[in-house]
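*Asks:* File name my_file.tsv; file contents TSV, C-alpha atoms; full text below.
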```
chain	number	residue	atom	x	y	z
A	1	MET	CA	96.04	139.93	111.53
A	2	VAL	CA	94.99	137.15	109.16
A	3	LYS	CA	94.53	133.48	110.02
A	4	ASP	CA	93.47	130.17	108.57
A	5	THR	CA	92.83	126.66	109.88
A	6	PHE	CA	93.90	123.48	108.12
A	7	VAL	CA	95.17	119.94	108.68
A	8	ILE	CA	98.77	118.70	108.43
A	9	THR	CA	98.77	116.06	105.71
A	10	ASN	CA	102.39	115.00	105.11
A	11	PRO	CA	103.21	111.59	106.67
A	12	THR	CA	105.99	112.67	109.04
A	13	GLY	CA	104.25	115.82	110.31
A	14	LEU	CA	106.31	118.82	111.33
A	15	HIS	CA	109.32	117.10	112.83
A	16	THR	CA	112.87	118.21	112.20
A	17	ARG	CA	113.54	118.09	108.47
A	18	PRO	CA	110.20	119.42	107.21
A	19	ALA	CA	109.98	121.70	110.26
A	20	LYS	CA	113.39	123.19	109.60
A	21	ARG	CA	112.33	124.02	106.03
A	22	VAL	CA	109.06	125.58	107.20
A	23	VAL	CA	110.94	127.73	109.74
A	24	ALA	CA	113.35	128.87	107.00
A	25	GLU	CA	110.36	129.86	104.82
A	26	ALA	CA	108.72	131.70	107.73
A	27	LYS	CA	111.89	133.68	108.35
A	28	THR	CA	111.71	135.17	104.84
A	29	PHE	CA	108.65	137.21	105.95
A	30	GLU	CA	108.65	140.29	108.14
A	31	CYS	CA	105.37	139.67	109.92
A	32	ASP	CA	104.95	137.70	113.15
A	33	ILE	CA	103.85	134.14	112.34
A	34	THR	CA	102.41	131.71	114.86
A	35	ILE	CA	100.98	128.22	114.58
A	36	THR	CA	98.51	126.77	117.07
A	37	SER	CA	97.86	123.10	117.74
A	38	ILE	CA	94.07	123.03	118.00
A	39	SER	CA	93.93	119.77	119.96
A	40	LYS	CA	96.58	120.84	122.48
A	41	GLY	CA	95.56	124.50	122.62
A	42	LYS	CA	99.23	125.52	122.44
A	43	VAL	CA	100.76	128.19	120.26
A	44	ALA	CA	104.32	128.46	118.86
A	45	ASN	CA	106.37	131.07	117.04
A	46	LEU	CA	106.82	129.58	113.55
A	47	LYS	CA	110.24	131.24	113.23
A	48	SER	CA	111.65	129.09	116.07
A	49	LEU	CA	112.44	125.45	115.30
A	50	LEU	CA	112.47	124.44	118.97
A	51	LYS	CA	109.12	126.10	119.71
A	52	LEU	CA	107.63	124.40	116.66
A	53	MET	CA	109.09	121.00	117.63
A	54	LYS	CA	107.62	121.38	121.12
A	55	LEU	CA	104.14	121.35	119.60
A	56	GLY	CA	104.74	117.79	118.31
A	57	LEU	CA	102.61	118.24	115.18
A	58	SER	CA	101.94	114.93	113.43
A	59	GLN	CA	100.00	113.93	110.34
A	60	ASP	CA	96.29	114.75	110.80
A	61	SER	CA	96.98	117.45	113.44
A	62	GLU	CA	94.66	120.43	112.95
A	63	VAL	CA	96.45	123.77	113.15
A	64	GLU	CA	95.67	127.47	113.00
A	65	LEU	CA	98.22	129.59	111.17
A	66	SER	CA	98.22	133.25	112.12
A	67	CYS	CA	100.20	136.12	110.53
A	68	ASP	CA	100.41	139.67	111.84
A	69	GLY	CA	102.35	142.47	110.14
A	70	ALA	CA	103.14	144.21	106.88
A	71	ASP	CA	103.30	141.15	104.61
A	72	GLU	CA	100.74	139.06	106.52
A	73	GLN	CA	98.53	138.01	103.62
A	74	ALA	CA	101.45	136.94	101.45
A	75	ALA	CA	102.95	135.04	104.38
A	76	LEU	CA	99.69	133.24	105.20
A	77	ASP	CA	99.14	132.17	101.60
A	78	HIS	CA	102.73	131.04	101.08
A	79	ILE	CA	103.28	129.19	104.38
A	80	LYS	CA	99.92	127.42	104.25
A	81	SER	CA	100.56	126.20	100.74
A	82	TYR	CA	104.17	125.26	101.64
A	83	ILE	CA	103.05	123.11	104.58
A	84	GLN	CA	100.22	121.54	102.59
A	85	ASN	CA	102.61	120.63	99.78
A	86	LEU	CA	105.18	118.91	102.01
A	87	GLU	CA	105.60	115.38	100.73
A	88	ASP	CA	107.89	113.59	103.17
B	1	MET	CA	109.27	106.05	127.79
B	2	GLY	CA	110.47	109.62	127.36
B	3	PHE	CA	113.91	110.67	126.21
B	4	LEU	CA	115.14	111.80	129.62
B	5	GLU	CA	113.95	108.70	131.49
B	6	TYR	CA	115.50	106.44	128.84
B	7	ILE	CA	118.92	108.11	129.07
B	8	VAL	CA	119.00	107.83	132.86
B	9	GLU	CA	117.60	104.29	133.14
B	10	ASN	CA	119.67	102.81	130.31
B	11	LYS	CA	122.85	104.74	131.14
B	12	ALA	CA	122.81	106.01	127.57
B	13	ALA	CA	125.13	109.00	127.91
B	14	ILE	CA	128.80	109.55	127.04
B	15	CYS	CA	130.71	112.49	128.46
B	16	ASN	CA	133.47	114.32	126.53
B	17	LEU	CA	133.73	111.88	123.60
B	18	GLU	CA	136.78	112.51	121.43
B	19	VAL	CA	135.95	112.71	117.72
B	20	ASP	CA	137.72	113.97	114.57
B	21	ASN	CA	134.81	115.59	112.73
B	22	TRP	CA	131.00	115.56	112.38
B	23	GLU	CA	130.88	112.22	110.56
B	24	ASP	CA	133.05	110.64	113.24
B	25	ALA	CA	130.73	112.10	115.92
B	26	ILE	CA	127.68	110.47	114.30
B	27	ILE	CA	129.41	107.07	114.00
B	28	LYS	CA	131.22	106.95	117.37
B	29	GLY	CA	128.39	108.41	119.44
B	30	GLY	CA	125.72	106.50	117.53
B	31	GLN	CA	127.45	103.17	118.21
B	32	MET	CA	125.38	103.20	121.40
B	33	LEU	CA	122.19	102.72	119.36
B	34	ILE	CA	123.73	99.70	117.64
B	35	ASP	CA	125.04	98.21	120.93
B	36	LYS	CA	121.56	98.51	122.41
B	37	GLN	CA	120.06	96.93	119.28
B	38	ALA	CA	117.98	100.00	118.54
B	39	ALA	CA	119.47	100.48	115.07
B	40	LYS	CA	121.47	98.79	112.33
B	41	PRO	CA	124.89	100.21	111.40
B	42	GLU	CA	123.43	101.57	108.14
B	43	TYR	CA	121.14	103.81	110.17
B	44	LEU	CA	124.20	105.95	111.01
B	45	THR	CA	125.71	105.93	107.52
B	46	THR	CA	122.29	106.92	106.14
B	47	ILE	CA	122.22	109.95	108.46
B	48	ILE	CA	125.64	111.00	107.15
B	49	GLU	CA	124.56	110.55	103.51
B	50	LYS	CA	121.34	112.53	104.13
B	51	CYS	CA	123.32	115.37	105.71
B	52	LYS	CA	125.55	115.48	102.65
B	53	VAL	CA	122.55	115.57	100.30
B	54	ASN	CA	120.09	117.74	102.27
B	55	GLY	CA	122.43	119.84	104.38
B	56	PRO	CA	122.76	119.44	108.15
B	57	TYR	CA	119.05	118.79	108.85
B	58	ILE	CA	119.92	117.24	112.20
B	59	VAL	CA	121.30	120.50	113.65
B	60	ILE	CA	118.40	121.88	115.68
B	61	ALA	CA	119.76	124.61	117.96
B	62	PRO	CA	123.02	126.45	118.69
B	63	GLY	CA	125.55	123.79	119.66
B	64	ILE	CA	123.08	120.90	119.38
B	65	ALA	CA	122.52	118.17	116.75
B	66	MET	CA	119.91	115.43	116.85
B	67	PRO	CA	121.05	112.56	114.61
B	68	HIS	CA	118.01	110.59	113.44
B	69	ALA	CA	116.66	109.06	110.24
B	70	ARG	CA	113.36	107.55	109.23
B	71	PRO	CA	112.20	104.36	110.95
B	72	GLU	CA	112.57	102.32	107.74
B	73	GLU	CA	116.15	103.51	107.26
B	74	GLY	CA	117.50	101.06	109.83
B	75	ALA	CA	115.77	101.71	113.16
B	76	LEU	CA	114.96	98.51	115.06
B	77	ALA	CA	113.54	99.71	118.38
B	78	LEU	CA	113.08	102.85	120.43
B	79	GLY	CA	116.54	104.00	121.49
B	80	TYR	CA	118.15	107.25	122.53
B	81	GLY	CA	121.62	108.50	123.35
B	82	LEU	CA	123.15	111.69	124.70
B	83	VAL	CA	126.78	112.52	123.95
B	84	THR	CA	128.85	115.56	124.83
B	85	LEU	CA	131.89	116.14	122.61
B	86	LYS	CA	135.30	116.98	124.04
B	87	ASN	CA	136.04	119.13	121.02
B	88	PRO	CA	133.09	120.72	119.17
B	89	VAL	CA	132.58	119.81	115.49
B	90	VAL	CA	131.40	121.92	112.56
B	91	PHE	CA	128.42	120.73	110.49
B	92	GLY	CA	128.25	123.66	108.07
B	93	ASP	CA	125.22	125.32	109.70
B	94	PRO	CA	126.40	128.92	110.27
B	95	ASP	CA	123.56	129.75	112.69
B	96	ASN	CA	124.31	126.86	115.04
B	97	ASP	CA	127.94	125.71	114.63
B	98	PRO	CA	130.03	124.52	116.41
B	99	ILE	CA	128.18	121.49	117.84
B	100	SER	CA	129.08	120.06	121.26
B	101	LEU	CA	125.94	118.11	122.18
B	102	MET	CA	124.57	115.16	120.18
B	103	LEU	CA	121.13	113.70	120.92
B	104	TYR	CA	120.61	110.39	119.07
B	105	ILE	CA	117.19	108.94	118.30
B	106	ALA	CA	116.04	105.69	116.77
B	107	ALA	CA	112.30	105.05	116.66
B	108	PRO	CA	110.43	102.15	115.09
B	109	ASP	CA	107.56	104.32	113.81
B	110	VAL	CA	107.04	107.94	112.92
B	111	LYS	CA	104.43	108.63	115.56
B	112	ALA	CA	106.66	107.48	118.42
B	113	HIS	CA	109.42	109.54	116.85
B	114	ASN	CA	107.39	112.73	116.85
B	115	GLU	CA	105.34	112.62	119.94
B	116	GLU	CA	107.43	110.86	122.54
B	117	ALA	CA	110.92	111.91	121.68
B	118	ILE	CA	111.00	115.14	119.77
B	119	THR	CA	108.72	117.15	122.04
B	120	GLN	CA	110.81	116.31	125.09
B	121	ILE	CA	114.08	116.94	123.27
B	122	ALA	CA	112.80	120.35	122.17
B	123	GLU	CA	111.95	121.14	125.80
B	124	LEU	CA	115.47	120.17	126.83
B	125	CYS	CA	117.17	122.15	124.04
B	126	ASP	CA	115.11	125.22	124.91
B	127	ASP	CA	116.28	124.98	128.53
B	128	GLU	CA	119.59	126.81	128.09
B	129	PRO	CA	120.78	126.73	131.72
B	130	THR	CA	120.44	122.92	131.75
B	131	ILE	CA	122.23	122.56	128.41
B	132	GLU	CA	125.12	124.62	129.80
B	133	LYS	CA	125.32	122.37	132.85
B	134	ILE	CA	125.26	119.20	130.72
B	135	LEU	CA	128.10	120.55	128.58
B	136	ALA	CA	130.09	121.51	131.68
B	137	ALA	CA	129.71	118.05	133.26
B	138	ASP	CA	132.96	116.14	133.85
B	139	ASP	CA	131.46	112.65	133.98
B	140	VAL	CA	128.29	110.78	133.01
B	141	GLU	CA	127.02	110.45	136.59
B	142	GLU	CA	126.80	114.23	136.76
B	143	ILE	CA	124.70	114.17	133.57
B	144	TYR	CA	122.34	111.48	134.92
B	145	THR	CA	121.83	113.44	138.13
B	146	LEU	CA	121.01	116.57	136.13
B	147	LEU	CA	118.55	114.78	133.81
B	148	ASP	CA	116.92	112.94	136.67
B	149	GLY	CA	116.07	116.25	138.32
B	150	LEU	CA	114.32	117.72	135.28
B	151	GLU	CA	110.57	117.97	135.07
B	152	TYR	CA	108.98	119.00	131.81
B	153	ASP	CA	105.31	119.13	131.09
B	154	ASP	CA	104.71	116.05	128.92
B	155	GLU	CA	101.08	117.00	128.43
B	156	PHE	CA	102.13	119.93	126.25
```
Just dump the structure as structure tokens.

*Replies:*
Amino acid sequence: MVKDTFVITNPTGLHTRPAKRVVAEAKTFECDITITSISKGKVANLKSLLKLMKLGLSQDSEVELSCDGADEQAALDHIKSYIQNLED
Amino acid sequence: MGFLEYIVENKAAICNLEVDNWEDAIIKGGQMLIDKQAAKPEYLTTIIEKCKVNGPYIVIAPGIAMPHARPEEGALALGYGLVTLKNPVVFGDPDNDPISLMLYIAAPDVKAHNEEAITQIAELCDDEPTIEKILAADDVEEIYTLLDGLEYDDEF
């Protein structure tokens, strides 16, 4: 398993439109991917839009991204960079 | 105020609305937001335009769409609406079509949008037995009774 901690920077956070795109990206990887809201101590499967929405991640939320499986390193690198490059 | 409390207290549900297609569903169901002065009419037309440009970003789960746009795209105040459709409509989202339940949101700022509304809506959408009961309801009073009995953990 590989993991990394970072802060959500895009203004709208991970609500539906950005979240839907992140979930679609996550689904292109085989490994299990989870995201944890550090402040709330809650974890969600990043391949489920509803689970991700339930975390209510806003701008400035600190998260831990965790990937476990065959393509874990590629998934971690790609998803982290994808979330950090969200603009809307 | 949370989504569920708002719907019950403001009687903001419509049961078995008759619509022609997905655009009609957004306009007819979303009229509630305009009547309650939570959004301008262009809020709804913006949602339709954004769906045409970006794909059906408002479809969030099998059978469920959550029409919403950004606060500056015509939202005036916090407002919600829940509409069941008599005949399901197709949005062009193969994983989730056809859509029978529409959950409308207008929020005056992004933070209210995310934290108050979306978390609670996600809880509701993930509660499949309740969604089935809402869709099976024959009148709005049945929907209010159902929503009034729900307890989700807001401290998530």

*Asks:* Would you pick out the contacts of Lys11 in chain B at 12 Å or less, using only C-alpha atoms, so that residues sharing its chain but fewer than 4 positions from it are not included, and give the list as an MDAnalysis selection string?

*Replies:* chainID B and resid 3:7 15 32:33 36 79:83 140:145 147:148

*Asks:* Find the distance between CA of Asp20 in chain B and CA of Pro88 in chain B and write it in Å to one decimal.

*Replies:*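 Separating CA of Asp20 in chain B from CA of Pro88 in chain B is a distance of 9.4 Å.
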
*Asks:* So how far away is CA of Asn10 in chain B from CA of Leu135 in chain B, in Å?

*Replies:*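 We find that CA of Leu135 in chain B and CA of Asn10 in chain B lie 19.7 Å from each other.
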
*Asks:* Would you pick out the contacts of Gly13 in chain A at 12 Å or less, using only C-alpha atoms, so that residues sharing its chain but fewer than 4 positions from it are not included, and give the list as a compact mmCIF listing (two decimals) with C-alpha atoms, in the frame of the given file?

*Replies:*
```txt
# COMPACT_ATOMS: atom_id res chain seq x y z
CA VAL A 7 95.17 119.94 108.68
CA ILE A 8 98.77 118.70 108.43
CA THR A 9 98.77 116.06 105.71
CA ARG A 17 113.54 118.09 108.47
CA PRO A 18 110.20 119.42 107.21
CA ALA A 19 109.98 121.70 110.26
CA LYS A 20 113.39 123.19 109.60
CA VAL A 22 109.06 125.58 107.20
CA LEU A 52 107.63 124.40 116.66
CA MET A 53 109.09 121.00 117.63
CA LEU A 55 104.14 121.35 119.60
CA GLY A 56 104.74 117.79 118.31
CA LEU A 57 102.61 118.24 115.18
CA SER A 58 101.94 114.93 113.43
CA GLN A 59 100.00 113.93 110.34
CA ASP A 60 96.29 114.75 110.80
CA SER A 61 96.98 117.45 113.44
CA GLU A 62 94.66 120.43 112.95
CA VAL A 63 96.45 123.77 113.15
CA ILE A 83 103.05 123.11 104.58
CA GLN A 84 100.22 121.54 102.59
CA ASN A 85 102.61 120.63 99.78
CA LEU A 86 105.18 118.91 102.01
CA GLU A 87 105.60 115.38 100.73
CA ASP A 88 107.89 113.59 103.17
CA VAL B 110 107.04 107.94 112.92
CA LYS B 111 104.43 108.63 115.56
CA ALA B 112 106.66 107.48 118.42
CA HIS B 113 109.42 109.54 116.85
CA ASN B 114 107.39 112.73 116.85
CA GLU B 115 105.34 112.62 119.94
CA ILE B 118 111.00 115.14 119.77
```

*Asks:* Quick check, in Å to one decimal: how far apart do CA of Asp97 in chain B and CA of Gly63 in chain B lie?

*Replies:*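 So the two atoms, CA of Asp97 in chain B and CA of Gly63 in chain B, lie 5.9 Å apart.
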
*Asks:* Smallest atom-to-atom distance to chain A: which of B:Asn16, B:Thr45, B:Thr84, B:Asn54, using only C-alpha atoms?

*Replies:*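 Among B:Asn16, B:Thr45, B:Thr84, B:Asn54, it is B:Asn54 that comes nearest to chain A.
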
*Asks:* Residues around (95.7, 132.2, 109.6), cut-off 10 Å, counting all atoms listed in the file - what are they as a ChimeraX atom specification?

*Replies:* /A:1-6,33-36,63-68,72-73,75-77,79-80

*Asks:* Could you save those same residues with C-alpha atoms as a CSV table (one decimal), in the frame of the given file?

*Replies:*
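Printed below is again.csv as written:
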```
chain,number,residue,atom,x,y,z
A,1,MET,CA,96.0,139.9,111.5
A,2,VAL,CA,95.0,137.2,109.2
A,3,LYS,CA,94.5,133.5,110.0
A,4,ASP,CA,93.5,130.2,108.6
A,5,THR,CA,92.8,126.7,109.9
A,6,PHE,CA,93.9,123.5,108.1
A,33,ILE,CA,103.8,134.1,112.3
A,34,THR,CA,102.4,131.7,114.9
A,35,ILE,CA,101.0,128.2,114.6
A,36,THR,CA,98.5,126.8,117.1
A,63,VAL,CA,96.4,123.8,113.2
A,64,GLU,CA,95.7,127.5,113.0
A,65,LEU,CA,98.2,129.6,111.2
A,66,SER,CA,98.2,133.2,112.1
A,67,CYS,CA,100.2,136.1,110.5
A,68,ASP,CA,100.4,139.7,111.8
A,72,GLU,CA,100.7,139.1,106.5
A,73,GLN,CA,98.5,138.0,103.6
A,75,ALA,CA,103.0,135.0,104.4
A,76,LEU,CA,99.7,133.2,105.2
A,77,ASP,CA,99.1,132.2,101.6
A,79,ILE,CA,103.3,129.2,104.4
A,80,LYS,CA,99.9,127.4,104.2
```

*Asks:* Quick one: residues within 12 Å of Ile27 in chain B, all atoms listed in the file counted, chain neighbours fewer than 6 positions away excluded, as a ChimeraX atom specification?

*Replies:* /B:17-21,33-34,39-48,67-68,83,102,104

*Asks:* Around the point (119.8, 118.6, 109.9), in the coordinates given by the file, pick out the residues reaching within 12 Å, counting all atoms listed in the file, and return them as an MDAnalysis selection string.

*Replies:* (chainID A and resid 15:21 49) or (chainID B and resid 22 47:61 64:69 91:93 96:97 99 102)

*Asks:* Taking all atoms listed in the file into account, name the residue in A:Ala26, A:Cys31, A:Leu50, A:Ala44 that is nearest to chain B.

*Replies:*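 Among the listed residues, the smallest separation from chain B belongs to A:Leu50.
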
*Asks:* May I ask which of the residues A:Ala24, A:His78, A:Lys54, A:Asn10 is the closest one to Ser37 in chain A, counting all atoms listed in the file?

*Replies:*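 Residue with the minimum atom-to-atom distance to Ser37 in chain A: A:Lys54.
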
*Asks:* Rank A:Lys27, A:Ser48, A:Gly69, A:Asp32 by their smallest atom-to-atom distance to chain B, using only C-alpha atoms, and report the top residue only.

*Replies:* A:Ser48

*Asks:* Residues within 10 Å of Asp126 in chain B, please, as a list in words. Count all atoms listed in the file; anything in the same chain fewer than 2 positions from it doesn't count.

*Replies:*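 Near Asp126 in chain B, the qualifying residues are Leu49, Leu50, Lys51 and Lys54 of chain A; Ala61, Gln120, Ile121, Ala122, Glu123, Leu124, Glu128, Pro129, Thr130 and Ile131 of chain B.
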
*Asks:* Return the single residue from A:Thr12, A:Asp71, A:Glu25, A:Tyr82 that is closest to chain B, with distances computed using all atoms listed in the file.

*Replies:*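 Smallest separation from chain B among the options: A:Thr12.
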